[in-house]
Amino acid sequence: MAESKELLHDQYANILRAYLEEQSEQGLYYAQQFSKRVLEEQISPEEVVSLHLEVLEEFFPDLPKGAHESFELLLEVMMGYGLAYREHQSLRDKTKELEAEINVAANMQQTFLPDEIPHVNGLDVGVLSVPASKMSGDYYHFVKDDHDCVGLAIADIIGKGIPAALCMSMIKYTMDSYPEQRLQPGALLENVNRVVEQNIASNMFITMMYGSYDSRTHQFNYAGAGHEPGFYYKAAEDTFEELHAKGIVLGIKRNTDYKEYQLTVEPGDFVVLLSDGVTECRTDDGFIEREAITRLIRTYQHLPAQEIVNHVFYELERAQGFQLRDDFTLIILRRNV
Amino acid sequence: MSIQSSVEVQTEWGIVSARQAGRNLAKEIGFGGVDQARITTAISELARNIYLYAEKGEIVIEAVEETRGTQKKKGIKITAKDRGPGIKNIREVMEDGYTTSGGLGAGLPGVRRLMDDFDVDSVMEEGTTITAIKWLR
């Protein structure tokens, strides 16, 4: 410490001497480099003032009266900056610490999501889920049973960030606890609702849509709990319909029934599930329209499902200047021709 | 050395007297200009806390010595005592960014950084005692 102080003293003396001899831009450049150096060494401003005075008095032992004293005053004025500087340093360290902690939590959260999309013959699935910040309030889930039946869920915890992320584990564990209901979307939502209602604060809500697809009969059954409606693409008519499911948001009413809907999926038909981060994309012209999303999907419709969701995300991200305001999740499930 | 001075803090004049007493002793002990300014700033902050929140209290300034093996070190100890309302949540007050007097980096965390040793003891409705020591290097 004492050594590096001596070193800084000599460096500063050289820089000042050179500059006093000739006032060149190069001399000022050295001074700028020196200021980086003192910041690296975490030297506070009052010490720099004191260093300057020290060197000055070595160069000019007979400073005019009052010069020395004026630096004492400057030193006192710089104390406040010194305090603010130290606080800044400690807050920066704290931010780093918090960031590391959140990274660990975000990695852990990733383990709640499926590692891979189950492969089912005759079915093409694409999923993309991107959090607005590090932790996500969007949840999705896939399961496949031995008969090639697929269950898929999408949920949006109202709110973002850490509180929302903490809720997610509850949904996952609840769904894992009712494996026998994977093919009964209405009953499954009733169970999840009961757990959520009992376990979360009254100001937190979760919307969810759950669907099951039986690849033997090509039946798609689904139910929803106040979730953003998805889309259903009918290949025969080349149209998009709203995939709407009536049902109250999870966590509000204890005993709630969720109506189950049924669709027969024809070759080329596909189901689109999304979170409100997709429909609530905001551009300079305001919210984008739901039609804009179906238009985008149409543009990339000829591609595999995963590529469609990737492209749609990229286009929407670009429209918002690459800044996500809400967690984004988009799922496409298509019956191959 | 057994120099000790005690300054009542009731007005801003008291703050100035406490600073003066601290600076004099710091100089006498052998602290350099920058450390003198740090010690007086710490005294200022502690005295202002008394002035703003406790209305009445005192700042005691004394020279201290510690022997570790063959090494003897000298320092200055500041004790701020008041019979104010006490600090409800000390941990909160010790956090950066917590401020009621609106100073960047000031307050108790600032004092702790300016000094070497730091201790707070507070009892609700009875008062607060803060001690801080800076050692001469």
# chains A, B, ... in the order shown; residues from 1 in each chain; ligands from 1
>>> residues_around(residues="Leu7 in chain A", least_positions_apart="3", cutoff="12 Å", atoms="only C-alpha atoms", output="NGL selection string")
:A and (1-4 or 10-14 or 34 or 37-38 or 41 or 51)
>>> interface_residues(of="chain A", to="chain B", cutoff="6 Å", atoms="only C-alpha atoms", output="JSON, numbers by chain")
{"A": [83, 84, 87]}
>>> write_last_selection(atoms="all heavy atoms", output="PDB file, in the first residue's frame")
ATOM      1  N   LEU A  83     -16.715  10.472   0.226  1.00  0.00           N
ATOM      2  CA  LEU A  83     -17.735   9.607   0.846  1.00  0.00           C
ATOM      3  C   LEU A  83     -18.641   9.000  -0.214  1.00  0.00           C
ATOM      4  O   LEU A  83     -18.941   7.808  -0.183  1.00  0.00           O
ATOM      5  CB  LEU A  83     -18.578  10.422   1.828  1.00  0.00           C
ATOM      6  CG  LEU A  83     -17.952  10.698   3.189  1.00  0.00           C
ATOM      7  CD1 LEU A  83     -18.804  11.694   3.958  1.00  0.00           C
ATOM      8  CD2 LEU A  83     -17.817   9.411   3.973  1.00  0.00           C
ATOM      9  N   ALA A  84     -19.066   9.848  -1.161  1.00  0.00           N
ATOM     10  CA  ALA A  84     -19.950   9.354  -2.218  1.00  0.00           C
ATOM     11  C   ALA A  84     -19.217   8.303  -3.057  1.00  0.00           C
ATOM     12  O   ALA A  84     -19.800   7.306  -3.468  1.00  0.00           O
ATOM     13  CB  ALA A  84     -20.414  10.514  -3.097  1.00  0.00           C
ATOM     14  N   GLU A  87     -19.133   5.056  -1.204  1.00  0.00           N
ATOM     15  CA  GLU A  87     -20.454   4.426  -1.214  1.00  0.00           C
ATOM     16  C   GLU A  87     -20.710   3.779  -2.571  1.00  0.00           C
ATOM     17  O   GLU A  87     -21.208   2.663  -2.669  1.00  0.00           O
ATOM     18  CB  GLU A  87     -21.550   5.464  -0.943  1.00  0.00           C
ATOM     19  CG  GLU A  87     -22.925   4.826  -0.883  1.00  0.00           C
ATOM     20  CD  GLU A  87     -24.034   5.850  -0.722  1.00  0.00           C
ATOM     21  OE1 GLU A  87     -24.053   6.866  -1.447  1.00  0.00           O
ATOM     22  OE2 GLU A  87     -24.880   5.657   0.155  1.00  0.00           O
TER      23      GLU A  87
END
>>> select_by_dssp(residues="chain B", states="strand (DSSP E)", output="ChimeraX atom specification")
/B:4-9,57-68,71-82,117-123,127-135
>>> write_last_selection(atoms="C-alpha atoms", output="PDB file, in the first residue's frame")
ATOM      1  CA  GLN B   4      -9.830  13.721  26.620  1.00  0.00           C
ATOM      2  CA  SER B   5     -12.292  16.361  25.715  1.00  0.00           C
ATOM      3  CA  SER B   6     -16.008  16.336  25.805  1.00  0.00           C
ATOM      4  CA  VAL B   7     -18.205  18.651  23.777  1.00  0.00           C
ATOM      5  CA  GLU B   8     -21.923  19.188  24.275  1.00  0.00           C
ATOM      6  CA  VAL B   9     -23.846  19.156  21.028  1.00  0.00           C
ATOM      7  CA  GLY B  57     -25.899  14.740  23.448  1.00  0.00           C
ATOM      8  CA  GLU B  58     -22.142  14.837  23.618  1.00  0.00           C
ATOM      9  CA  ILE B  59     -19.081  13.960  21.638  1.00  0.00           C
ATOM     10  CA  VAL B  60     -16.086  12.659  23.588  1.00  0.00           C
ATOM     11  CA  ILE B  61     -12.731  12.691  21.880  1.00  0.00           C
ATOM     12  CA  GLU B  62      -9.725  10.923  23.322  1.00  0.00           C
ATOM     13  CA  ALA B  63      -6.344   9.540  22.426  1.00  0.00           C
ATOM     14  CA  VAL B  64      -6.022   5.773  22.711  1.00  0.00           C
ATOM     15  CA  GLU B  65      -3.156   3.324  22.667  1.00  0.00           C
ATOM     16  CA  GLU B  66      -3.019  -0.359  21.987  1.00  0.00           C
ATOM     17  CA  THR B  67      -0.118  -2.726  22.450  1.00  0.00           C
ATOM     18  CA  ARG B  68       0.124  -5.859  20.383  1.00  0.00           C
ATOM     19  CA  GLN B  71       4.049  -2.999  18.588  1.00  0.00           C
ATOM     20  CA  LYS B  72       2.363  -0.034  20.057  1.00  0.00           C
ATOM     21  CA  LYS B  73      -0.184   1.851  18.068  1.00  0.00           C
ATOM     22  CA  LYS B  74      -1.816   5.170  18.686  1.00  0.00           C
ATOM     23  CA  GLY B  75      -5.207   6.289  17.647  1.00  0.00           C
ATOM     24  CA  ILE B  76      -8.082   8.642  18.191  1.00  0.00           C
ATOM     25  CA  LYS B  77     -11.395   7.541  19.597  1.00  0.00           C
ATOM     26  CA  ILE B  78     -14.661   9.357  19.084  1.00  0.00           C
ATOM     27  CA  THR B  79     -17.652   8.546  21.239  1.00  0.00           C
ATOM     28  CA  ALA B  80     -21.036  10.035  20.398  1.00  0.00           C
ATOM     29  CA  LYS B  81     -23.603   9.662  23.167  1.00  0.00           C
ATOM     30  CA  ASP B  82     -27.160  10.849  23.194  1.00  0.00           C
ATOM     31  CA  ASP B 117     -13.166   0.516  14.226  1.00  0.00           C
ATOM     32  CA  PHE B 118     -16.842   1.193  14.568  1.00  0.00           C
ATOM     33  CA  ASP B 119     -19.538   0.169  17.027  1.00  0.00           C
ATOM     34  CA  VAL B 120     -23.172   1.157  17.595  1.00  0.00           C
ATOM     35  CA  ASP B 121     -25.248   0.469  20.655  1.00  0.00           C
ATOM     36  CA  SER B 122     -28.783   1.723  20.824  1.00  0.00           C
ATOM     37  CA  VAL B 123     -31.676   1.202  23.219  1.00  0.00           C
ATOM     38  CA  GLY B 127     -30.432   6.636  23.508  1.00  0.00           C
ATOM     39  CA  THR B 128     -27.562   5.721  21.279  1.00  0.00           C
ATOM     40  CA  THR B 129     -23.819   5.401  21.780  1.00  0.00           C
ATOM     41  CA  ILE B 130     -21.534   5.223  18.786  1.00  0.00           C
ATOM     42  CA  THR B 131     -17.804   4.683  19.070  1.00  0.00           C
ATOM     43  CA  ALA B 132     -15.323   4.979  16.259  1.00  0.00           C
ATOM     44  CA  ILE B 133     -11.532   4.716  16.284  1.00  0.00           C
ATOM     45  CA  LYS B 134      -8.959   5.638  13.697  1.00  0.00           C
ATOM     46  CA  TRP B 135      -5.466   4.226  14.104  1.00  0.00           C
TER      47      TRP B 135
END
>>> residues_around(residues="Gln181 in chain A", least_positions_apart="5", cutoff="12 Å", atoms="only C-alpha atoms", output="count of residues only")
17
>>> residues_around(residues="Arg48 in chain B", least_positions_apart="4", cutoff="8 Å", atoms="only C-alpha atoms", output="compact mmCIF listing (two decimals) with N, CA, C and O atoms, in the first residue's frame")
# COMPACT_ATOMS: atom_id res chain seq x y z
N GLU B 12 -25.51 24.07 16.20
CA GLU B 12 -24.48 23.86 15.19
C GLU B 12 -23.12 24.33 15.69
O GLU B 12 -22.09 23.85 15.24
N ILE B 15 -21.34 21.47 16.97
CA ILE B 15 -20.74 20.64 15.92
C ILE B 15 -19.35 21.18 15.58
O ILE B 15 -18.37 20.44 15.49
N SER B 44 -18.17 15.38 12.46
CA SER B 44 -19.25 16.21 11.94
C SER B 44 -20.52 15.41 11.74
O SER B 44 -21.60 15.82 12.14
N LEU B 52 -29.63 16.65 14.89
CA LEU B 52 -30.87 16.50 14.12
C LEU B 52 -31.89 15.58 14.79
O LEU B 52 -33.08 15.82 14.73
>>> select_by_dssp(residues="range 143-225 of chain A", states="alpha helix (DSSP H)", output="MDAnalysis selection string")
chainID A and resid 161:177 185:199
>>> residues_around(residues="Leu330 in chain A", least_positions_apart="4", cutoff="8 Å", atoms="only C-alpha atoms", output="ChimeraX atom specification")
/A:127-129,272-275,278,309
>>> residues_around(residues="range 104-118 of chain A", least_positions_apart="2", cutoff="9 Å", atoms="only C-alpha atoms", output="ChimeraX atom specification")
/A:99-102,120,125-127,134-136,139-144,150,162,165-166,168-169,172
>>> residues_around(residues="Gly226 in chain A", least_positions_apart="5", cutoff="12 Å", atoms="only C-alpha atoms", output="PDB file with N, CA and C atoms, in the first residue's frame")
ATOM      1  N   ILE A 154     -49.294 -23.756 -20.593  1.00  0.00           N
ATOM      2  CA  ILE A 154     -48.628 -22.459 -20.620  1.00  0.00           C
ATOM      3  C   ILE A 154     -49.265 -21.653 -19.501  1.00  0.00           C
ATOM      4  N   ALA A 155     -48.435 -20.981 -18.711  1.00  0.00           N
ATOM      5  CA  ALA A 155     -48.970 -20.205 -17.598  1.00  0.00           C
ATOM      6  C   ALA A 155     -48.214 -18.897 -17.508  1.00  0.00           C
ATOM      7  N   ASP A 156     -48.915 -17.896 -17.048  1.00  0.00           N
ATOM      8  CA  ASP A 156     -48.299 -16.579 -16.898  1.00  0.00           C
ATOM      9  C   ASP A 156     -48.617 -16.106 -15.492  1.00  0.00           C
ATOM     10  N   ILE A 157     -47.560 -15.898 -14.722  1.00  0.00           N
ATOM     11  CA  ILE A 157     -47.768 -15.402 -13.376  1.00  0.00           C
ATOM     12  C   ILE A 157     -47.797 -13.883 -13.481  1.00  0.00           C
ATOM     13  N   ILE A 158     -48.879 -13.275 -13.011  1.00  0.00           N
ATOM     14  CA  ILE A 158     -49.039 -11.833 -13.163  1.00  0.00           C
ATOM     15  C   ILE A 158     -47.967 -11.162 -12.322  1.00  0.00           C
ATOM     16  N   LEU A 189     -56.870 -28.196 -14.198  1.00  0.00           N
ATOM     17  CA  LEU A 189     -56.901 -26.792 -13.794  1.00  0.00           C
ATOM     18  C   LEU A 189     -57.619 -26.620 -12.454  1.00  0.00           C
ATOM     19  N   ASN A 193     -55.817 -24.840  -9.438  1.00  0.00           N
ATOM     20  CA  ASN A 193     -56.478 -23.681  -8.834  1.00  0.00           C
ATOM     21  C   ASN A 193     -56.577 -23.821  -7.310  1.00  0.00           C
ATOM     22  N   PHE A 205     -51.811 -13.482  -9.085  1.00  0.00           N
ATOM     23  CA  PHE A 205     -52.695 -14.283  -9.920  1.00  0.00           C
ATOM     24  C   PHE A 205     -51.902 -15.022 -10.976  1.00  0.00           C
ATOM     25  N   ILE A 206     -52.476 -16.127 -11.385  1.00  0.00           N
ATOM     26  CA  ILE A 206     -51.829 -16.903 -12.429  1.00  0.00           C
ATOM     27  C   ILE A 206     -52.865 -17.220 -13.498  1.00  0.00           C
ATOM     28  N   THR A 207     -52.504 -16.982 -14.739  1.00  0.00           N
ATOM     29  CA  THR A 207     -53.382 -17.414 -15.830  1.00  0.00           C
ATOM     30  C   THR A 207     -52.737 -18.630 -16.468  1.00  0.00           C
ATOM     31  N   MET A 208     -53.581 -19.513 -16.982  1.00  0.00           N
ATOM     32  CA  MET A 208     -53.005 -20.753 -17.506  1.00  0.00           C
ATOM     33  C   MET A 208     -53.902 -21.349 -18.570  1.00  0.00           C
ATOM     34  N   MET A 209     -53.277 -22.029 -19.511  1.00  0.00           N
ATOM     35  CA  MET A 209     -54.037 -22.785 -20.483  1.00  0.00           C
ATOM     36  C   MET A 209     -53.395 -24.159 -20.552  1.00  0.00           C
ATOM     37  N   TYR A 210     -54.251 -25.152 -20.545  1.00  0.00           N
ATOM     38  CA  TYR A 210     -53.720 -26.503 -20.597  1.00  0.00           C
ATOM     39  C   TYR A 210     -54.427 -27.271 -21.701  1.00  0.00           C
ATOM     40  N   HIS A 244     -60.158 -19.695 -27.661  1.00  0.00           N
ATOM     41  CA  HIS A 244     -60.606 -19.041 -26.439  1.00  0.00           C
ATOM     42  C   HIS A 244     -61.151 -20.088 -25.475  1.00  0.00           C
ATOM     43  N   ALA A 245     -60.843 -19.957 -24.201  1.00  0.00           N
ATOM     44  CA  ALA A 245     -61.399 -20.869 -23.209  1.00  0.00           C
ATOM     45  C   ALA A 245     -61.882 -20.043 -22.034  1.00  0.00           C
ATOM     46  N   LYS A 246     -63.136 -20.236 -21.695  1.00  0.00           N
ATOM     47  CA  LYS A 246     -63.708 -19.490 -20.585  1.00  0.00           C
ATOM     48  C   LYS A 246     -63.237 -20.090 -19.276  1.00  0.00           C
ATOM     49  N   GLY A 247     -62.893 -19.260 -18.317  1.00  0.00           N
ATOM     50  CA  GLY A 247     -62.471 -19.776 -17.023  1.00  0.00           C
ATOM     51  C   GLY A 247     -61.818 -18.674 -16.219  1.00  0.00           C
ATOM     52  N   ILE A 248     -62.041 -18.704 -14.907  1.00  0.00           N
ATOM     53  CA  ILE A 248     -61.534 -17.640 -14.052  1.00  0.00           C
ATOM     54  C   ILE A 248     -60.037 -17.864 -13.771  1.00  0.00           C
ATOM     55  N   VAL A 249     -59.324 -16.767 -13.594  1.00  0.00           N
ATOM     56  CA  VAL A 249     -57.894 -16.786 -13.281  1.00  0.00           C
ATOM     57  C   VAL A 249     -57.635 -17.656 -12.044  1.00  0.00           C
ATOM     58  N   LEU A 250     -56.518 -18.361 -12.028  1.00  0.00           N
ATOM     59  CA  LEU A 250     -56.192 -19.238 -10.895  1.00  0.00           C
ATOM     60  C   LEU A 250     -55.936 -18.428  -9.630  1.00  0.00           C
ATOM     61  N   GLY A 251     -56.413 -18.944  -8.509  1.00  0.00           N
ATOM     62  CA  GLY A 251     -56.071 -18.322  -7.232  1.00  0.00           C
ATOM     63  C   GLY A 251     -57.108 -17.354  -6.710  1.00  0.00           C
ATOM     64  N   ILE A 252     -58.249 -17.233  -7.386  1.00  0.00           N
ATOM     65  CA  ILE A 252     -59.246 -16.263  -6.918  1.00  0.00           C
ATOM     66  C   ILE A 252     -60.364 -16.949  -6.140  1.00  0.00           C
ATOM     67  N   TYR A 258     -63.703 -25.696 -14.570  1.00  0.00           N
ATOM     68  CA  TYR A 258     -63.133 -25.199 -15.817  1.00  0.00           C
ATOM     69  C   TYR A 258     -63.706 -26.001 -16.972  1.00  0.00           C
ATOM     70  N   LYS A 259     -64.315 -25.298 -17.871  1.00  0.00           N
ATOM     71  CA  LYS A 259     -64.958 -25.940 -19.008  1.00  0.00           C
ATOM     72  C   LYS A 259     -63.902 -26.502 -19.957  1.00  0.00           C
ATOM     73  N   SER A 275     -48.100 -16.252 -24.371  1.00  0.00           N
ATOM     74  CA  SER A 275     -48.274 -15.472 -23.140  1.00  0.00           C
ATOM     75  C   SER A 275     -48.540 -14.027 -23.546  1.00  0.00           C
ATOM     76  N   ASP A 276     -49.002 -13.212 -22.617  1.00  0.00           N
ATOM     77  CA  ASP A 276     -49.372 -11.844 -23.021  1.00  0.00           C
ATOM     78  C   ASP A 276     -48.149 -11.002 -23.372  1.00  0.00           C
TER      79      ASP A 276
END
>>> atom_distance(atom1="CA of Met79 in chain A", atom2="CA of Glu47 in chain A")
9.4 Å
>>> atom_distance(atom1="CA of Met115 in chain B", atom2="CA of Ala18 in chain B")
16.3 Å
